[in-house]
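Trainee: Next up is a structure, given as C-alpha cells.
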Amino acid sequence: MRTPPANPTANGTILLTDLPANSPVSKRAIRSWMLFDWAAQPFFTVVITFIFGPYFVSRLADDAVQGQAAWGYTVTIAGVIIALFAPILGAVADATGARKHWIAFFALIKILALVLLWFAAPGSALWLPMLCVICAMVAAEFSILFNDSMMPRLIPTEEIGRVSNLAWGLGYAGGLVVLFSVLLLLAGNPDTGKTLLGIDPLFGLDARQGEDARITGPYAALWYLLFIVPMFLFTPDGQRGVSLVHAIRGTLGELTSTVKEAMQRKPLLRFLLARMVYQDGVNGLLALGGTFAASMFGWQTIEMGIYGILLLVVAIGGCAYAGRLDAQLGSKSVVLISLLLLVVATLGIVSTGPGYSLFGWVSLSTADNGGLFATAAEKVYIGFGLLIGIAFGPVQASSRAYLARSVGADEAGRYFGLYALSGRATAFLAPMAVASLTLYADSARIGMSALLVFLVLGLVLLLKTPYPAMRASQ
C-alpha cells in the first residue's frame with residue numbers, strides 16, 4: 001500500500017485529477033503508479049482479512065482455536081522471510097536502479113500462489129494453503145517495497161503525504177469493488193445457495209464446498225495481473241545501474257554501511273524503531289481481525305464480506321481526510337491520531353462478547369433478532385471495527401510519507417528496505433504472541449489482546465520521535 005490521498009473536495013470526494021502540477025513526471029505516470037495500490041489491495045482485503053482467512057480458520061481447520069493458531073503461524077513465517085530479505089533487496093534495487101523487473105518477478109510468484117488457493121477444499125491438508133499464503137504475502141510485500149521506493153523520484157516532497165494517502169484510498173476502493181462483486185455474484189448463502197443479488201453464484205460455485213472463499217485467490221490474482229499493467233507501461237523506471245551480479249556482491253557491504261549510517265541518523269533510527277513496534281500490532285490486527293470475528297460470532301462469507309465493505313467504505317473516507325490532515329499537521333500527527341483510534345478499537349473488540357462489552361462494564365441484550373448481525377454484541381463489535389477502518393489506512397500511508405520526506409531519491413531503495421525491515425523484523429512477534437496466547441489460554445479473545453501491547457508501545461516511542469527524520473543526529 002502507499003502514501004496519503006490527494007486533496008478531497010468539499011464533500012470529501014477524492015479527485016484523481018488533483019495531482020501535483022510540479023512533479024518531475026507526467027500526471028499519467030503518477031496515476032499509473034497509484035494504480036499499483038488499486039491492483040494490490042484486493043489480495044489483502046479478500047484473501048488475508050475478510051474472506052479466505054476467516055474461511056481457513058472457521059471452515060478449513062478442524063476447530064477455530066487451532067485454525068487461528070495455524071493462521072497466526074502462517075503470517076509469522078511470512079514476516080520472518082520478509083524481515084530477512086527486504087533490506088538486501090532494497091540495497092540491490094538502489095544499485096541496479098530499475099525496479100520494474102523486480103516487481104514483475106514477484107508478481108509471477110504472487111499470482112501462481114493465489115491461483116493454487118482454489119485447491120484448499122474442506123477436508124484437505126492445511127499445508128498447501130499455508131504455503132501459498134506465505135509465498136503470496138512475501139511476494140506482495142517485496143513488490144510493495146520496490147513500488148514505494150519510486151516515490152521520492154516521482155513526487156515532490158511537499159506532495160508525498162497527500163498523494164500517498166490518495167493512492168492508499170484508491171487501493172481500498174479496489175478492495176471494495178472486488179469484495180462487493182464477490183458478495184453479489186460469487187458467494188452464495190450456505191442455506192439458500194443464493195448471492196446477495198438473489199441469483200445463483202456464477203460458475204456454479206458451491207458455498208458448502210468453500211468455493212465462494214476459495215475463488216478469491218484466483219480472482220485477486222487476475223485483478224492484480226490486469227491493473228499493474230499501466231505502471232509498467234506509463235510510469236518511468238529508474239536508470240539502469242550496475243549489473244545484478246555486481247549489485248549482489250556489494251549488497252552486504254552496502255547494507256552494513258546503510259545500517260551504520262542509520263545509527264548516526266538518530267531521528268530516523270527512532271522512527272524506524274517506533275514503526276517496527278506499532279506496525280507489528282497493525283499487521284496482526286489486519287491479518288487476524290477478520291478471523292477473530294468469524295470464530296467468535298460464526299460469521300460466514302456473506303457476513304464477513306458485508307463487515308469488510310463497511311470497513312472499506314470508512315477506510316476510503318479516512319484516507320481522504322488523512323490526506324488533508326497530513327498536509328496541515330504533518331505525517332507524525334496523523335500516525336499518532338490513527339494509533340490512538342486503533343488502541344481504542346482493539347480494546348473494544350477484545351472486550352466484547354455475547355451479552356457484554358468493555359469487559360462486562362456494559363451489559364448487552366443476548367436476544368437474537370434474526371438476519372445479519374442479529375445480536376447486540378455483533379453490532380457493538382462492528383462499531384469498534386469501523387474505528388479500525390478509519391485508522392488503519394492513514395497509519396500506514398502517513399508512515400510511508402514520513403520516511404519518504406526524510407530520505408533522498410538516491411537512497412530511497414536502501415531506506416525503504418530498512419523500512420520494510422522495521423515493519424517485519426519483529427512481525428513474527430505479534431501473530432506468534434496471538435497464536436501462542438490463544439493456545440495457552442484456549443481463548444481467541446485473550447490471544448488478540450496481545451496486540452494492544454504493540455500498539456501502545458509504538459505510540460509511546462513515536463511521541464519522542466522528531467519529524468521529519470532528517471540527516472542530522474539529534
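We label chains A, B, ... in the order they appear in the C-alpha cells, count residues from 1 in each chain, and number ligands from 1 in the order shown.
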So that I can check the surroundings of Thr216 in chain A, please list as a short mmCIF file (atom, residue, chain, number, x, y, z; two decimals) with all heavy atoms, in the first residue's frame every protein, DNA and RNA residue that reaches within 10 Å of it, counting only C-alpha atoms and ignoring chain neighbours fewer than 4 positions away.
Mentor:
```cif
data_model
loop_
_atom_site.label_atom_id
_atom_site.label_comp_id
_atom_site.auth_asym_id
_atom_site.auth_seq_id
_atom_site.Cartn_x
_atom_site.Cartn_y
_atom_site.Cartn_z
N PRO A 42 -6.78 -5.73 -3.18
CA PRO A 42 -7.76 -6.82 -3.06
C PRO A 42 -7.22 -8.11 -2.48
O PRO A 42 -7.95 -8.85 -1.82
CB PRO A 42 -8.25 -7.00 -4.50
CG PRO A 42 -8.16 -5.63 -5.08
CD PRO A 42 -6.88 -5.07 -4.50
N PHE A 43 -5.95 -8.41 -2.70
CA PHE A 43 -5.34 -9.59 -2.07
C PHE A 43 -5.46 -9.52 -0.56
O PHE A 43 -5.87 -10.47 0.10
CB PHE A 43 -3.88 -9.72 -2.50
CG PHE A 43 -3.04 -10.57 -1.58
CD1 PHE A 43 -3.29 -11.93 -1.46
CD2 PHE A 43 -2.02 -10.01 -0.83
CE1 PHE A 43 -2.52 -12.72 -0.60
CE2 PHE A 43 -1.25 -10.78 0.02
CZ PHE A 43 -1.51 -12.13 0.14
N THR A 45 -7.50 -7.60 1.11
CA THR A 45 -8.89 -7.45 1.51
C THR A 45 -9.64 -8.78 1.51
O THR A 45 -10.22 -9.18 2.53
CB THR A 45 -9.61 -6.47 0.56
OG1 THR A 45 -8.96 -5.19 0.63
CG2 THR A 45 -11.07 -6.31 0.95
N VAL A 46 -9.64 -9.47 0.38
CA VAL A 46 -10.50 -10.66 0.27
C VAL A 46 -9.79 -11.95 0.66
O VAL A 46 -10.44 -12.91 1.09
CB VAL A 46 -11.10 -10.80 -1.16
CG1 VAL A 46 -11.97 -9.60 -1.49
CG2 VAL A 46 -10.01 -10.99 -2.21
N VAL A 47 -8.47 -12.01 0.52
CA VAL A 47 -7.75 -13.24 0.85
C VAL A 47 -7.30 -13.24 2.31
O VAL A 47 -7.61 -14.16 3.07
CB VAL A 47 -6.55 -13.46 -0.09
CG1 VAL A 47 -5.74 -14.69 0.34
CG2 VAL A 47 -7.02 -13.63 -1.54
N ILE A 48 -6.58 -12.21 2.71
CA ILE A 48 -5.99 -12.21 4.06
C ILE A 48 -7.01 -11.87 5.14
O ILE A 48 -7.07 -12.54 6.17
CB ILE A 48 -4.81 -11.23 4.12
CG1 ILE A 48 -3.72 -11.64 3.12
CG2 ILE A 48 -4.24 -11.17 5.53
CD1 ILE A 48 -3.14 -13.02 3.37
N ILE A 51 -12.24 -12.80 3.62
CA ILE A 51 -12.90 -13.96 3.03
C ILE A 51 -12.10 -15.25 3.23
O ILE A 51 -12.51 -16.14 3.97
CB ILE A 51 -13.18 -13.76 1.52
CG1 ILE A 51 -13.99 -12.49 1.29
CG2 ILE A 51 -13.91 -14.98 0.97
CD1 ILE A 51 -15.38 -12.53 1.85
N PHE A 52 -10.93 -15.35 2.61
CA PHE A 52 -10.21 -16.63 2.68
C PHE A 52 -9.65 -16.88 4.07
O PHE A 52 -9.71 -18.01 4.57
CB PHE A 52 -9.07 -16.69 1.65
CG PHE A 52 -8.44 -18.05 1.58
CD1 PHE A 52 -8.99 -19.04 0.80
CD2 PHE A 52 -7.31 -18.35 2.33
CE1 PHE A 52 -8.43 -20.31 0.75
CE2 PHE A 52 -6.74 -19.61 2.28
CZ PHE A 52 -7.30 -20.60 1.49
N LEU A 114 -1.67 -17.49 -5.50
CA LEU A 114 -3.08 -17.21 -5.31
C LEU A 114 -3.97 -18.16 -6.10
O LEU A 114 -5.02 -18.59 -5.63
CB LEU A 114 -3.38 -15.76 -5.70
CG LEU A 114 -2.82 -14.68 -4.77
CD1 LEU A 114 -3.11 -13.29 -5.31
CD2 LEU A 114 -3.40 -14.84 -3.37
N VAL A 115 -3.56 -18.49 -7.30
CA VAL A 115 -4.34 -19.43 -8.12
C VAL A 115 -4.45 -20.78 -7.42
O VAL A 115 -5.50 -21.44 -7.43
CB VAL A 115 -3.71 -19.58 -9.51
CG1 VAL A 115 -4.34 -20.74 -10.27
CG2 VAL A 115 -3.88 -18.28 -10.31
N LEU A 117 -4.72 -21.43 -4.36
CA LEU A 117 -5.63 -21.45 -3.22
C LEU A 117 -6.98 -22.08 -3.58
O LEU A 117 -7.73 -22.48 -2.68
CB LEU A 117 -5.86 -20.02 -2.69
CG LEU A 117 -4.69 -19.36 -1.97
CD1 LEU A 117 -5.07 -17.96 -1.50
CD2 LEU A 117 -4.24 -20.21 -0.78
N TRP A 118 -7.28 -22.18 -4.84
CA TRP A 118 -8.53 -22.82 -5.26
C TRP A 118 -8.61 -24.27 -4.77
O TRP A 118 -9.69 -24.81 -4.53
CB TRP A 118 -8.65 -22.77 -6.78
CG TRP A 118 -9.79 -23.60 -7.31
CD1 TRP A 118 -9.72 -24.79 -7.95
CD2 TRP A 118 -11.19 -23.28 -7.19
NE1 TRP A 118 -10.98 -25.26 -8.26
CE2 TRP A 118 -11.90 -24.35 -7.81
CE3 TRP A 118 -11.91 -22.22 -6.64
CZ2 TRP A 118 -13.30 -24.36 -7.88
CZ3 TRP A 118 -13.28 -22.24 -6.71
CH2 TRP A 118 -13.96 -23.30 -7.32
N VAL A 178 -13.84 -5.39 -5.43
CA VAL A 178 -13.68 -6.84 -5.50
C VAL A 178 -14.54 -7.53 -4.45
O VAL A 178 -15.21 -8.53 -4.72
CB VAL A 178 -12.19 -7.23 -5.34
CG1 VAL A 178 -12.04 -8.73 -5.20
CG2 VAL A 178 -11.39 -6.73 -6.53
N LEU A 179 -14.53 -7.00 -3.24
CA LEU A 179 -15.33 -7.61 -2.17
C LEU A 179 -16.82 -7.55 -2.49
O LEU A 179 -17.55 -8.52 -2.30
CB LEU A 179 -15.03 -6.89 -0.85
CG LEU A 179 -15.68 -7.45 0.41
CD1 LEU A 179 -15.33 -8.92 0.60
CD2 LEU A 179 -15.24 -6.64 1.62
N VAL A 182 -17.70 -10.14 -5.09
CA VAL A 182 -17.74 -11.49 -4.54
C VAL A 182 -19.10 -11.75 -3.89
O VAL A 182 -19.73 -12.79 -4.10
CB VAL A 182 -16.61 -11.70 -3.51
CG1 VAL A 182 -16.80 -12.99 -2.73
CG2 VAL A 182 -15.26 -11.72 -4.22
N LEU A 186 -20.64 -14.10 -6.51
CA LEU A 186 -19.91 -15.36 -6.35
C LEU A 186 -20.23 -16.11 -5.06
O LEU A 186 -20.16 -17.35 -5.05
CB LEU A 186 -18.40 -15.08 -6.38
CG LEU A 186 -17.86 -14.42 -7.65
CD1 LEU A 186 -16.37 -14.12 -7.51
CD2 LEU A 186 -18.10 -15.29 -8.88
N ALA A 187 -20.54 -15.41 -3.99
CA ALA A 187 -20.72 -16.06 -2.68
C ALA A 187 -22.19 -16.34 -2.41
O ALA A 187 -22.98 -15.41 -2.26
CB ALA A 187 -20.13 -15.20 -1.57
N GLU A 211 -16.21 -23.00 -2.06
CA GLU A 211 -15.78 -22.44 -3.33
C GLU A 211 -15.96 -20.93 -3.38
O GLU A 211 -15.26 -20.24 -4.11
CB GLU A 211 -16.52 -23.11 -4.48
CG GLU A 211 -16.15 -24.58 -4.65
CD GLU A 211 -16.92 -25.28 -5.75
OE1 GLU A 211 -17.87 -24.67 -6.29
OE2 GLU A 211 -16.57 -26.43 -6.09
N ASP A 212 -16.91 -20.41 -2.60
CA ASP A 212 -17.10 -18.96 -2.55
C ASP A 212 -15.89 -18.27 -1.94
O ASP A 212 -15.56 -17.12 -2.30
CB ASP A 212 -18.36 -18.60 -1.75
CG ASP A 212 -18.37 -19.22 -0.36
OD1 ASP A 212 -17.60 -20.18 -0.12
OD2 ASP A 212 -19.15 -18.76 0.49
N ALA A 220 -8.28 -12.51 -7.04
CA ALA A 220 -7.30 -11.49 -6.68
C ALA A 220 -6.09 -11.54 -7.60
O ALA A 220 -5.49 -10.50 -7.92
CB ALA A 220 -6.87 -11.67 -5.22
N ALA A 221 -5.71 -12.74 -8.03
CA ALA A 221 -4.57 -12.88 -8.95
C ALA A 221 -4.87 -12.22 -10.29
O ALA A 221 -4.03 -11.50 -10.85
CB ALA A 221 -4.26 -14.36 -9.15
N LEU A 222 -6.07 -12.47 -10.83
CA LEU A 222 -6.45 -11.88 -12.12
C LEU A 222 -6.53 -10.36 -12.02
O LEU A 222 -6.06 -9.63 -12.91
CB LEU A 222 -7.79 -12.46 -12.57
CG LEU A 222 -8.35 -11.91 -13.90
CD1 LEU A 222 -7.39 -12.20 -15.04
CD2 LEU A 222 -9.73 -12.49 -14.17
#
```
Trainee: CA of Gly67 in chain A and CA of Ala294 in chain A are how many Å apart?
Mentor: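 So the answer is 11.0 Å.
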Trainee: Neighbouring residues of range 57-65 of chain A were defined as those with any atom within 9 Å, considering only C-alpha atoms; residues of the same chain fewer than 4 positions away were excluded. Please report them as a PyMOL selection string.
Mentor: chain A and resi 52-53+69-71+120-126+210+291-292+294-296+298-300+435+438-439+442-444
Trainee: Measuring between only C-alpha atoms, which one of A:Leu451, A:Leu462, A:Val343, A:Cys319 shows the shortest distance to Ala397 in chain A?
Mentor: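 That would be A:Cys319, the residue with the smallest distance to Ala397 in chain A.
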Trainee: So that I can check the surroundings of range 302-307 of chain A, please list as a PyMOL selection string every protein, DNA and RNA residue that reaches within 9 Å of it, counting only C-alpha atoms and ignoring chain neighbours fewer than 4 positions away.
Mentor: chain A and resi 46+50-51+54+179-180+182-183+187-189+195-196+290+293-294+311-312+372-373+382+385
Trainee: With only C-alpha atoms as the counted atoms, please give the residues lying no more than 7 Å from range 324-331 of chain A, apart from itself and same-chain residues fewer than 6 positions off, as a list in words.
Mentor: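 In the requested format, the answer is Asn7, Gly161, Arg162, Ser398, Ser399, Ala401 and Tyr402 of chain A.
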Trainee: What would the file look like if the residues just selected were written as a tab-separated table (two decimals), in the first residue's frame with N, CA and C atoms?
Mentor:
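Once everything was written out, this is out08.tsv:
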```
chain	number	residue	atom	x	y	z
A	7	ASN	N	-6.04	15.99	-2.46
A	7	ASN	CA	-6.97	16.88	-1.80
A	7	ASN	C	-8.38	16.42	-1.97
A	161	GLY	N	2.89	13.10	1.10
A	161	GLY	CA	1.88	12.62	2.03
A	161	GLY	C	0.50	12.62	1.43
A	162	ARG	N	0.17	13.68	0.70
A	162	ARG	CA	-1.15	13.80	0.11
A	162	ARG	C	-1.40	12.74	-0.96
A	398	SER	N	0.63	7.44	6.03
A	398	SER	CA	1.41	8.56	6.53
A	398	SER	C	2.75	8.12	7.11
A	399	SER	N	2.86	6.85	7.54
A	399	SER	CA	4.17	6.33	7.93
A	399	SER	C	5.10	6.29	6.73
A	401	ALA	N	4.82	8.17	4.08
A	401	ALA	CA	5.14	9.55	3.74
A	401	ALA	C	6.20	10.13	4.68
A	402	TYR	N	6.12	9.76	5.95
A	402	TYR	CA	7.11	10.19	6.97
A	402	TYR	C	8.52	9.84	6.48
```
Trainee: Output as a VMD selection string all residues of range 49-127 of chain A that backbone DSSP marks as alpha helix (DSSP H).
Mentor: chain A and resid 52 to 55 64 to 96 100 to 116 127
Trainee: At a cut-off of 6 Å, using only C-alpha atoms, what residues contact Gly447 in chain A? Leave out same-chain residues fewer than 2 positions from it and give the result as a list in words.
Mentor: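 The neighbour list is Val434, Leu437, Thr438, Ala444, Arg445, Ser449 and Ala450 of chain A.
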Trainee: Please write the residues from the selection above to a file, keeping all heavy atoms, as a PDB file, in the first residue's frame.
Mentor:
```
ATOM      1  N   VAL A 434      -0.155 -13.754  19.515  1.00  0.00           N
ATOM      2  CA  VAL A 434      -1.590 -14.041  19.453  1.00  0.00           C
ATOM      3  C   VAL A 434      -1.832 -15.542  19.373  1.00  0.00           C
ATOM      4  O   VAL A 434      -2.658 -16.101  20.107  1.00  0.00           O
ATOM      5  CB  VAL A 434      -2.234 -13.319  18.255  1.00  0.00           C
ATOM      6  CG1 VAL A 434      -3.683 -13.783  18.065  1.00  0.00           C
ATOM      7  CG2 VAL A 434      -2.195 -11.816  18.457  1.00  0.00           C
ATOM      8  N   LEU A 437      -0.655 -17.286  22.737  1.00  0.00           N
ATOM      9  CA  LEU A 437      -1.541 -16.949  23.847  1.00  0.00           C
ATOM     10  C   LEU A 437      -2.927 -17.561  23.650  1.00  0.00           C
ATOM     11  O   LEU A 437      -3.580 -17.972  24.613  1.00  0.00           O
ATOM     12  CB  LEU A 437      -1.644 -15.425  23.985  1.00  0.00           C
ATOM     13  CG  LEU A 437      -2.250 -14.876  25.283  1.00  0.00           C
ATOM     14  CD1 LEU A 437      -1.498 -15.410  26.500  1.00  0.00           C
ATOM     15  CD2 LEU A 437      -2.231 -13.343  25.267  1.00  0.00           C
ATOM     16  N   THR A 438      -3.357 -17.645  22.392  1.00  0.00           N
ATOM     17  CA  THR A 438      -4.639 -18.288  22.090  1.00  0.00           C
ATOM     18  C   THR A 438      -4.612 -19.748  22.506  1.00  0.00           C
ATOM     19  O   THR A 438      -5.548 -20.252  23.150  1.00  0.00           O
ATOM     20  CB  THR A 438      -4.960 -18.168  20.592  1.00  0.00           C
ATOM     21  OG1 THR A 438      -5.119 -16.787  20.243  1.00  0.00           O
ATOM     22  CG2 THR A 438      -6.250 -18.909  20.250  1.00  0.00           C
ATOM     23  N   ALA A 444      -9.478 -17.220  21.904  1.00  0.00           N
ATOM     24  CA  ALA A 444      -9.078 -16.293  20.848  1.00  0.00           C
ATOM     25  C   ALA A 444      -9.112 -14.855  21.344  1.00  0.00           C
ATOM     26  O   ALA A 444      -8.313 -14.013  20.925  1.00  0.00           O
ATOM     27  CB  ALA A 444     -10.003 -16.452  19.643  1.00  0.00           C
ATOM     28  N   ARG A 445     -10.026 -14.545  22.272  1.00  0.00           N
ATOM     29  CA  ARG A 445     -10.151 -13.187  22.796  1.00  0.00           C
ATOM     30  C   ARG A 445      -8.896 -12.776  23.562  1.00  0.00           C
ATOM     31  O   ARG A 445      -8.343 -11.699  23.359  1.00  0.00           O
ATOM     32  CB  ARG A 445     -11.370 -13.106  23.708  1.00  0.00           C
ATOM     33  CG  ARG A 445     -11.679 -11.710  24.200  1.00  0.00           C
ATOM     34  CD  ARG A 445     -12.750 -11.739  25.288  1.00  0.00           C
ATOM     35  NE  ARG A 445     -13.840 -12.634  24.934  1.00  0.00           N
ATOM     36  CZ  ARG A 445     -14.820 -12.334  24.099  1.00  0.00           C
ATOM     37  NH1 ARG A 445     -14.828 -11.149  23.527  1.00  0.00           N
ATOM     38  NH2 ARG A 445     -15.784 -13.201  23.844  1.00  0.00           N
ATOM     39  N   SER A 449      -5.748  -9.879  22.566  1.00  0.00           N
ATOM     40  CA  SER A 449      -5.391  -8.760  23.441  1.00  0.00           C
ATOM     41  C   SER A 449      -3.893  -8.462  23.423  1.00  0.00           C
ATOM     42  O   SER A 449      -3.463  -7.368  23.806  1.00  0.00           O
ATOM     43  CB  SER A 449      -5.843  -9.043  24.873  1.00  0.00           C
ATOM     44  OG  SER A 449      -5.128 -10.153  25.422  1.00  0.00           O
ATOM     45  N   ALA A 450      -3.076  -9.407  22.956  1.00  0.00           N
ATOM     46  CA  ALA A 450      -1.628  -9.188  22.872  1.00  0.00           C
ATOM     47  C   ALA A 450      -1.292  -8.034  21.934  1.00  0.00           C
ATOM     48  O   ALA A 450      -0.247  -7.376  22.090  1.00  0.00           O
ATOM     49  CB  ALA A 450      -0.929 -10.464  22.400  1.00  0.00           C
TER      50      ALA A 450
END
```
Trainee: When you count only C-alpha atoms, which of these residues is closest to Pro431 in chain A: A:Gly281, A:Pro218, A:Pro87, A:Gly323?
Mentor: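 The closest residue to Pro431 in chain A is A:Gly281.
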Trainee: Rank A:Thr74, A:Ser149, A:Gln41, A:Thr157 by their smallest atom-to-atom distance to Gly174 in chain A, using only C-alpha atoms, and report the top residue only.
Mentor: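 Looking at the shortest contact to Gly174 in chain A, the residue is A:Gln41.
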Trainee: Could you state the separation of CA of Ile30 in chain A and CA of Thr49 in chain A in Å, given to one decimal place?
Mentor: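 Rounded to one decimal, the two atoms are 28.0 Å apart.
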